[in-house]
Every structure is written in structure tokens, then in C-alpha cells.
file target-v3.cif (mmCIF, C-alpha atoms)
data_coords
#
loop_
_atom_site.group_PDB
_atom_site.id
_atom_site.type_symbol
_atom_site.label_atom_id
_atom_site.label_comp_id
_atom_site.auth_asym_id
_atom_site.auth_seq_id
_atom_site.Cartn_x
_atom_site.Cartn_y
_atom_site.Cartn_z
ATOM 1 C CA MET A 1 -48.669 0.073 -58.221
ATOM 2 C CA ASN A 2 -47.643 3.150 -60.150
ATOM 3 C CA SER A 3 -43.919 3.028 -60.994
ATOM 4 C CA ALA A 4 -43.732 6.062 -63.308
ATOM 5 C CA ASN A 5 -41.177 7.821 -61.112
ATOM 6 C CA PRO A 6 -39.148 5.167 -59.267
ATOM 7 C CA VAL A 7 -36.545 7.632 -57.973
ATOM 8 C CA CYS A 8 -39.142 9.515 -55.955
ATOM 9 C CA GLN A 9 -41.459 6.676 -54.941
ATOM 10 C CA ALA A 10 -41.353 3.978 -52.299
ATOM 11 C CA ILE A 11 -43.706 1.572 -50.604
ATOM 12 C CA PHE A 12 -43.774 1.335 -46.810
ATOM 13 C CA PRO A 13 -45.685 -0.666 -44.222
ATOM 14 C CA SER A 14 -48.177 1.119 -42.031
ATOM 15 C CA ALA A 15 -46.604 2.046 -38.680
ATOM 16 C CA TYR A 16 -47.709 3.011 -35.179
ATOM 17 C CA PHE A 17 -45.534 5.924 -33.970
ATOM 18 C CA PRO A 18 -42.769 4.931 -36.404
ATOM 19 C CA SER A 19 -39.069 4.661 -35.659
ATOM 20 C CA LEU A 20 -36.189 6.896 -36.686
ATOM 21 C CA ALA A 21 -35.148 4.438 -39.398
ATOM 22 C CA TYR A 22 -38.656 4.463 -40.886
ATOM 23 C CA LEU A 23 -38.789 8.245 -41.024
ATOM 24 C CA SER A 24 -35.194 8.606 -42.214
ATOM 25 C CA GLU A 25 -36.042 6.453 -45.213
ATOM 26 C CA LEU A 26 -39.390 8.130 -45.777
ATOM 27 C CA LEU A 27 -37.657 11.530 -46.023
ATOM 28 C CA LYS A 28 -35.931 10.397 -49.207
ATOM 29 C CA PHE A 29 -39.126 10.109 -51.218
ATOM 30 C CA ASP A 30 -41.708 12.558 -52.495
ATOM 31 C CA SER A 31 -44.416 9.943 -52.989
ATOM 32 C CA ILE A 32 -45.095 7.108 -50.542
ATOM 33 C CA GLU A 33 -47.475 4.207 -50.860
ATOM 34 C CA ILE A 34 -48.613 2.482 -47.687
ATOM 35 C CA GLU A 35 -49.163 -1.261 -48.071
ATOM 36 C CA ILE A 36 -52.622 -2.174 -46.777
ATOM 37 C CA HIS A 37 -53.544 -5.251 -48.840
ATOM 38 C CA GLU A 38 -50.936 -7.609 -47.406
ATOM 39 C CA SER A 39 -51.966 -10.362 -45.006
ATOM 40 C CA PHE A 40 -51.439 -8.655 -41.668
ATOM 41 C CA PRO A 41 -48.196 -9.893 -40.048
ATOM 42 C CA LYS A 42 -48.050 -10.096 -36.270
ATOM 43 C CA GLN A 43 -45.507 -8.489 -33.953
ATOM 44 C CA THR A 44 -44.428 -5.686 -36.294
ATOM 45 C CA ILE A 45 -44.357 -1.905 -36.410
ATOM 46 C CA ARG A 46 -47.847 -1.923 -37.884
ATOM 47 C CA ASN A 47 -49.332 -1.960 -34.395
ATOM 48 C CA ARG A 48 -46.269 -1.642 -32.162
ATOM 49 C CA CYS A 49 -43.698 0.992 -31.239
ATOM 50 C CA THR A 50 -40.839 1.132 -28.746
ATOM 51 C CA ILE A 51 -40.130 3.940 -26.279
ATOM 52 C CA LEU A 52 -37.408 4.367 -23.680
ATOM 53 C CA SER A 53 -38.905 4.253 -20.185
ATOM 54 C CA ALA A 54 -37.463 4.450 -16.692
ATOM 55 C CA ASN A 55 -37.191 0.655 -16.793
ATOM 56 C CA GLY A 56 -35.615 0.457 -20.228
ATOM 57 C CA LEU A 57 -37.082 -0.253 -23.629
ATOM 58 C CA LEU A 58 -40.862 -0.617 -23.569
ATOM 59 C CA ASN A 59 -43.052 -1.914 -26.395
ATOM 60 C CA LEU A 60 -46.471 -0.313 -26.772
ATOM 61 C CA THR A 61 -48.843 -2.535 -28.738
ATOM 62 C CA VAL A 62 -52.252 -1.624 -30.117
ATOM 63 C CA PRO A 63 -54.563 -4.613 -29.547
ATOM 64 C CA VAL A 64 -56.127 -5.720 -32.802
ATOM 65 C CA VAL A 65 -58.760 -8.086 -34.150
ATOM 66 C CA LYS A 66 -58.152 -10.181 -37.265
ATOM 67 C CA ILE A 67 -61.710 -10.413 -38.539
ATOM 68 C CA HIS A 68 -60.761 -13.004 -41.168
ATOM 69 C CA GLY A 69 -58.177 -14.888 -39.120
ATOM 70 C CA ASN A 70 -54.604 -15.087 -40.401
ATOM 71 C CA LYS A 71 -55.739 -14.066 -43.892
ATOM 72 C CA THR A 72 -57.003 -10.697 -42.714
ATOM 73 C CA LYS A 73 -55.628 -7.832 -44.773
ATOM 74 C CA THR A 74 -54.014 -4.909 -42.997
ATOM 75 C CA CYS A 75 -56.782 -2.644 -44.293
ATOM 76 C CA ASP A 76 -59.346 -4.820 -42.491
ATOM 77 C CA ILE A 77 -57.577 -4.958 -39.138
ATOM 78 C CA GLU A 78 -59.837 -3.612 -36.413
ATOM 79 C CA ILE A 79 -58.695 -2.205 -33.082
ATOM 80 C CA PHE A 80 -59.812 -4.044 -29.963
ATOM 81 C CA ASN A 81 -61.240 -1.188 -27.930
ATOM 82 C CA ASN A 82 -62.620 -3.266 -25.072
ATOM 83 C CA GLU A 83 -59.473 -2.585 -23.102
ATOM 84 C CA PRO A 84 -58.080 0.870 -22.202
ATOM 85 C CA TRP A 85 -54.992 0.646 -24.415
ATOM 86 C CA GLN A 86 -55.042 4.373 -25.229
ATOM 87 C CA LEU A 87 -54.953 5.351 -21.568
ATOM 88 C CA LYS A 88 -52.135 2.890 -20.901
ATOM 89 C CA HIS A 89 -50.093 4.153 -23.843
ATOM 90 C CA PHE A 90 -50.581 7.813 -22.944
ATOM 91 C CA ARG A 91 -49.582 7.212 -19.339
ATOM 92 C CA ALA A 92 -46.488 5.273 -20.439
ATOM 93 C CA ILE A 93 -45.441 8.035 -22.850
ATOM 94 C CA GLU A 94 -46.115 10.735 -20.271
ATOM 95 C CA SER A 95 -44.148 8.880 -17.609
ATOM 96 C CA ALA A 96 -41.226 8.329 -19.977
ATOM 97 C CA TYR A 97 -41.012 11.832 -21.429
ATOM 98 C CA LYS A 98 -42.693 14.353 -19.129
ATOM 99 C CA SER A 99 -39.273 15.619 -18.009
ATOM 100 C CA SER A 100 -37.891 15.867 -21.563
ATOM 101 C CA PRO A 101 -37.130 19.375 -22.877
ATOM 102 C CA PHE A 102 -39.900 19.522 -25.484
ATOM 103 C CA PHE A 103 -42.642 17.285 -24.067
ATOM 104 C CA ASP A 104 -44.921 20.172 -23.103
ATOM 105 C CA HIS A 105 -44.348 21.845 -26.460
ATOM 106 C CA TYR A 106 -45.452 18.867 -28.565
ATOM 107 C CA ILE A 107 -47.658 16.527 -26.560
ATOM 108 C CA HIS A 108 -50.855 18.464 -27.308
ATOM 109 C CA PHE A 109 -50.480 17.625 -31.006
ATOM 110 C CA PHE A 110 -50.792 13.935 -30.156
ATOM 111 C CA GLU A 111 -53.318 13.996 -27.328
ATOM 112 C CA ARG A 112 -56.320 13.395 -29.574
ATOM 113 C CA ILE A 113 -54.758 10.096 -30.624
ATOM 114 C CA PHE A 114 -55.330 8.878 -27.068
ATOM 115 C CA HIS A 115 -58.822 10.317 -26.619
ATOM 116 C CA GLN A 116 -60.506 9.703 -29.968
ATOM 117 C CA LYS A 117 -61.883 6.240 -30.706
ATOM 118 C CA TYR A 118 -60.453 4.510 -33.763
ATOM 119 C CA ASP A 119 -62.064 1.399 -35.178
ATOM 120 C CA ASN A 120 -59.488 0.715 -37.872
ATOM 121 C CA LEU A 121 -55.711 0.462 -37.420
ATOM 122 C CA ILE A 122 -54.986 2.120 -40.765
ATOM 123 C CA ASP A 123 -56.962 5.218 -39.777
ATOM 124 C CA LEU A 124 -55.031 5.488 -36.509
ATOM 125 C CA ASN A 125 -51.619 5.124 -38.144
ATOM 126 C CA GLU A 126 -52.467 7.521 -40.958
ATOM 127 C CA GLU A 127 -53.405 10.259 -38.506
ATOM 128 C CA ILE A 128 -50.206 9.697 -36.520
ATOM 129 C CA LEU A 129 -48.095 9.948 -39.686
ATOM 130 C CA GLN A 130 -49.788 13.171 -40.746
ATOM 131 C CA ILE A 131 -49.201 14.719 -37.314
ATOM 132 C CA ILE A 132 -45.517 13.755 -37.457
ATOM 133 C CA LEU A 133 -45.079 15.157 -40.971
ATOM 134 C CA GLY A 134 -46.746 18.343 -39.770
ATOM 135 C CA ARG A 135 -44.283 18.682 -36.894
ATOM 136 C CA LEU A 136 -41.402 18.151 -39.321
ATOM 137 C CA LYS A 137 -42.967 20.692 -41.707
ATOM 138 C CA LEU A 138 -42.839 18.180 -44.551
ATOM 139 C CA LYS A 139 -45.263 17.674 -47.405
ATOM 140 C CA LYS A 140 -45.393 14.191 -48.848
ATOM 141 C CA THR A 141 -47.854 12.538 -51.205
ATOM 142 C CA ILE A 142 -49.237 9.609 -49.219
ATOM 143 C CA SER A 143 -51.450 6.985 -50.858
ATOM 144 C CA PHE A 144 -52.570 3.431 -50.128
ATOM 145 C CA THR A 145 -52.098 0.343 -52.242
ATOM 146 C CA THR A 146 -55.216 -0.875 -54.043
ATOM 147 C CA THR A 147 -54.072 -4.488 -54.455
ATOM 148 C CA PHE A 148 -51.266 -6.633 -53.115
ATOM 149 C CA GLU A 149 -48.353 -7.217 -55.465
ATOM 150 C CA LYS A 150 -45.507 -9.414 -54.268
ATOM 151 C CA GLU A 151 -43.016 -7.612 -56.503
ATOM 152 C CA SER A 152 -42.945 -3.823 -56.336
ATOM 153 C CA GLY A 153 -41.411 -3.274 -59.768
ATOM 154 C CA ASN A 154 -39.129 -0.243 -59.835
ATOM 155 C CA ILE A 155 -40.570 1.287 -56.680
ATOM 156 C CA VAL A 156 -38.261 1.065 -53.660
ATOM 157 C CA ASP A 157 -39.772 -1.602 -51.431
ATOM 158 C CA HIS A 158 -39.529 -1.072 -47.661
ATOM 159 C CA ARG A 159 -42.375 -3.360 -46.654
ATOM 160 C CA SER A 160 -40.023 -5.809 -44.947
ATOM 161 C CA THR A 161 -37.196 -3.455 -44.021
ATOM 162 C CA PHE A 162 -38.227 -2.572 -40.487
ATOM 163 C CA ASN A 163 -38.184 -5.297 -37.871
ATOM 164 C CA THR A 164 -39.248 -4.516 -34.299
ATOM 165 C CA LYS A 165 -36.916 -7.238 -33.028
ATOM 166 C CA SER A 166 -33.921 -5.209 -34.170
ATOM 167 C CA LEU A 167 -33.828 -1.528 -33.248
ATOM 168 C CA SER A 168 -30.798 -0.769 -35.420
ATOM 169 C CA TYR A 169 -32.033 -2.007 -38.848
ATOM 170 C CA GLY A 170 -28.420 -1.567 -39.968
ATOM 171 C CA LEU A 171 -28.577 2.137 -39.193
ATOM 172 C CA HIS A 172 -26.570 3.718 -36.406
ATOM 173 C CA TYR A 173 -27.296 7.190 -35.114
ATOM 174 C CA LYS A 174 -25.117 9.635 -33.240
ATOM 175 C CA PRO A 175 -26.263 9.938 -29.611
ATOM 176 C CA TYR A 176 -28.524 12.714 -28.490
ATOM 177 C CA ASN A 177 -29.466 13.312 -24.873
ATOM 178 C CA GLN A 178 -32.242 10.939 -23.792
ATOM 179 C CA VAL A 179 -34.265 11.264 -20.602
ATOM 180 C CA PHE A 180 -32.704 8.238 -18.935
ATOM 181 C CA SER A 181 -29.191 8.543 -20.371
ATOM 182 C CA ASP A 182 -27.843 8.329 -16.820
ATOM 183 C CA ARG A 183 -29.221 4.785 -16.561
ATOM 184 C CA PHE A 184 -29.018 3.338 -20.057
ATOM 185 C CA ALA A 185 -26.760 3.414 -23.073
ATOM 186 C CA PHE A 186 -28.051 5.421 -26.008
ATOM 187 C CA GLN A 187 -30.926 3.706 -27.823
ATOM 188 C CA SER A 188 -30.534 4.697 -31.443
ATOM 189 C CA ASN A 189 -33.791 3.747 -33.084
ATOM 190 C CA VAL A 190 -36.796 3.941 -30.814
ATOM 191 C CA SER A 191 -40.034 5.728 -31.723
ATOM 192 C CA PHE A 192 -39.789 9.176 -33.268
ATOM 193 C CA LEU A 193 -41.521 10.456 -30.127
ATOM 194 C CA ASP A 194 -38.228 10.014 -28.284
ATOM 195 C CA LEU A 195 -36.361 12.222 -30.739
ATOM 196 C CA LEU A 196 -39.103 14.844 -30.923
ATOM 197 C CA PHE A 197 -39.524 15.227 -27.163
ATOM 198 C CA ASN A 198 -35.765 15.364 -26.606
ATOM 199 C CA GLU A 199 -34.582 17.361 -29.640
ATOM 200 C CA GLY A 200 -37.673 19.367 -30.593
ATOM 201 C CA PRO A 201 -37.238 21.542 -33.694
ATOM 202 C CA ASN A 202 -33.837 19.936 -34.322
ATOM 203 C CA ALA A 203 -35.515 16.588 -35.069
ATOM 204 C CA LEU A 204 -35.636 17.016 -38.841
ATOM 205 C CA LEU A 205 -32.005 18.098 -39.100
ATOM 206 C CA TYR A 206 -31.034 15.154 -36.908
ATOM 207 C CA LEU A 207 -32.808 12.711 -39.223
ATOM 208 C CA GLN A 208 -31.204 14.278 -42.269
ATOM 209 C CA MET A 209 -27.643 14.782 -41.011
ATOM 210 C CA ASN A 210 -26.843 12.543 -38.058
ATOM 211 C CA ARG A 211 -27.319 9.139 -39.600
ATOM 212 C CA LYS A 212 -24.556 6.665 -40.362
ATOM 213 C CA TYR A 213 -24.789 3.425 -42.315
#
call {"tool": "encode", "arguments": {"input": "target-v3.cif", "output": "C-alpha cells"}}
result
Amino acid sequence: MNSANPVCQAIFPSAYFPSLAYLSELLKFDSIEIEIHESFPKQTIRNRCTILSANGLLNLTVPVVKIHGNKTKTCDIEIFNNEPWQLKHFRAIESAYKSSPFFDHYIHFFERIFHQKYDNLIDLNEEILQIILGRLKLKKTISFTTTFEKESGNIVDHRSTFNTKSLSYGLHYKPYNQVFSDRFAFQSNVSFLDLLFNEGPNALLYLQMNRKY
């Protein structure tokens, strides 16, 4: 890993429709490496995101195939396309956010994610990240690791920071209006889709200004 400029560099896990905490941290760095040579860990943000539905928090999981068993690297993880996961995810997102203020304004940017076939999880997540950065009008240098190194040197290491079992990750956000705020308490760290569909062009400012440690 290149550690020439540790202030501006960090290493992150790959993520499927990443959370507010993930993107808040990513905003701090000019250059981001995505870890793809780790042994793929199960039940993480690499193939799972959380949205707020009419029935509460809902995990959306991309079905995957570990072609080399538990030693399969993240870069080798294939998507199991023998089940209609894309249709299920799109319908869940549409049901959760179709009444949000900015759903119609932004959903078309993501629709191809649910109609185009992806064989590799990394390709899917990379396209999602680029779409999100485009909506935030941010330019970041994104690269992939070429080998796995347990220690990241001087690069900020976020590979184990984000845990899907804890939506707060130690970060607490000021409430914004969510679709089902009349039913549920504010959920501070679900997928970025929730923020984008509810706050629209204010999403970047929210990530930058409305975070508390």
C-alpha cells in the first residue's frame, strides 16, 4: 500500500449502498483504497445495507458465492444471480422511499444497478460508489489494493470500522425528517439512500456539518 501521503489517504472496505458513517469518513480523504484482497467476511457492509421501511429497519443483502470457500478473497466474490435479488431490492427501496421528497429526482441514477447483471460484487459496489460521489459532486481518487497487508502503515485504516450490527458506529447524527418518522424514532446511520431521498441536495452539507461524535 502506498503511504506517501497519510493525511489524505485511507483504506476502506467495499460497501453495498454504504451508510452515513462510511461516507462521512470517506469525505475526509482525497485518496481512498478499497480492500479487495482480504478473506471475504460474512454479514458485513460488503454485501449488505440497511434501509428504513414501513416495518422498521430492513437489511438488503446481495447473495454471493464464495468460489474458494471461506478463503475466498473479496475480489473473487461472485454474485448469485439465480434468484431475483435486484428486483426484490428495488421494490423494497421503492416501497420505502417513493413518498420521500427527492425519490423521483434521484432514483433514475440508480435504476441501472437493478437492471444490469453484475457477476462480481466489487464491480457492483464500485459503480454504486461512483454514482453516489457523482450525486454529491465529489471527486475522489479511488483505487483497489493489490495485496493484503494486515497492517496499513500510516494510512488510516477503516477496514474494520463499520459493523452492520451497530448502526451508530460511535457517531450520532442530528435528526432529519424520515419517511416513517411518525412510526419510528430517528435512525441515524442507515444507507445513504435514506439521506439522499429525504434531504436531496442538502445531503453533502448534512454529512459535513450535522455529525456529532
call {"tool": "resolve_selection", "arguments": {"input": "target-v3.cif", "expression": "the PyMOL selection byres ((chain A and resi 49) around 8)", "output": "ChimeraX atom specification"}}
result
/A:16-19,45,47-48,50-51,59-61,164,190-191
call {"tool": "resolve_selection", "arguments": {"input": "target-v3.cif", "expression": "the PyMOL selection byres ((chain A and resi 81) around 8)", "output": "PDB file with C-alpha atoms, in the coordinates of the input"}}
result
ATOM      1  CA  PRO A  63     -54.563  -4.613 -29.547  1.00  0.00           C
ATOM      2  CA  ILE A  79     -58.695  -2.205 -33.082  1.00  0.00           C
ATOM      3  CA  PHE A  80     -59.812  -4.044 -29.963  1.00  0.00           C
ATOM      4  CA  ASN A  82     -62.620  -3.266 -25.072  1.00  0.00           C
ATOM      5  CA  GLU A  83     -59.473  -2.585 -23.102  1.00  0.00           C
ATOM      6  CA  PRO A  84     -58.080   0.870 -22.202  1.00  0.00           C
ATOM      7  CA  TRP A  85     -54.992   0.646 -24.415  1.00  0.00           C
ATOM      8  CA  LYS A 117     -61.883   6.240 -30.706  1.00  0.00           C
ATOM      9  CA  ASP A 119     -62.064   1.399 -35.178  1.00  0.00           C
TER      10      ASP A 119
END
call {"tool": "closest_residue", "arguments": {"input": "target-v3.cif", "among": "A:His172, A:Lys137, A:His105, A:Lys150", "to": "Leu27 in chain A", "atoms": "only C-alpha atoms"}}
result
A:Lys137
call {"tool": "atom_distance", "arguments": {"input": "target-v3.cif", "atom1": "CA of Leu20 in chain A", "atom2": "CA of Tyr206 in chain A"}}
result
9.7 Å
call {"tool": "resolve_selection", "arguments": {"input": "target-v3.cif", "expression": "the PyMOL selection byres ((chain A and resi 52) around 10)", "output": "ChimeraX atom specification"}}
result
/A:50-51,53-59,92-93,96-97,178-181,184,186-187,190-191,193-194
call {"tool": "atom_distance", "arguments": {"input": "target-v3.cif", "atom1": "CA of Tyr173 in chain A", "atom2": "CA of Glu199 in chain A"}}
result
13.7 Å
call {"tool": "closest_atom_pairs", "arguments": {"input": "target-v3.cif", "of": "range 29-60 of chain A", "to": "range 72-77 of chain A", "cutoff": "6 Å", "atoms": "all atoms listed in the file", "output": "tab-separated table"}}
result
residue	atom	partner	partner_atom	distance
A:Ile36	CA	A:Cys75	CA	4.9
A:His37	CA	A:Lys73	CA	5.2
A:Glu38	CA	A:Lys73	CA	5.4
A:Ser39	CA	A:Lys73	CA	4.5
A:Phe40	CA	A:Thr74	CA	4.7
call {"tool": "closest_residue", "arguments": {"input": "target-v3.cif", "among": "A:Thr147, A:Gln116, A:Gln130, A:Asn154", "to": "Ala10 in chain A", "atoms": "all atoms listed in the file"}}
result
A:Asn154
call {"tool": "closest_residue", "arguments": {"input": "target-v3.cif", "among": "A:Leu26, A:Leu87, A:Leu133, A:Ala21", "to": "Glu111 in chain A", "atoms": "all atoms listed in the file"}}
result
A:Leu87
call {"tool": "closest_residue", "arguments": {"input": "target-v3.cif", "among": "A:Phe29, A:Phe90, A:Phe102, A:Phe192", "to": "Ile11 in chain A", "atoms": "only C-alpha atoms"}}
result
A:Phe29
call {"tool": "closest_residue", "arguments": {"input": "target-v3.cif", "among": "A:Ser31, A:Ser143, A:Asn177, A:Ser14", "to": "Ile155 in chain A", "atoms": "all atoms listed in the file"}}
result
A:Ser31
call {"tool": "residues_around", "arguments": {"input": "target-v3.cif", "residues": "Asp104 in chain A", "least_positions_apart": "3", "cutoff": "12 Å", "atoms": "all atoms listed in the file", "output": "list in words"}}
result
Glu94, Tyr97, Lys98, Ser99, Ser100, Pro101, Ile107, His108, Phe109, Phe110, Glu111, Leu196, Phe197, Asn198 and Gly200 of chain A
call {"tool": "atom_distance", "arguments": {"input": "target-v3.cif", "atom1": "CA of Leu207 in chain A", "atom2": "CA of Glu25 in chain A"}}
result
9.2 Å
call {"tool": "closest_residue", "arguments": {"input": "target-v3.cif", "among": "A:Val65, A:Leu124, A:Leu129, A:Leu138", "to": "Tyr22 in chain A", "atoms": "all atoms listed in the file"}}
result
A:Leu129
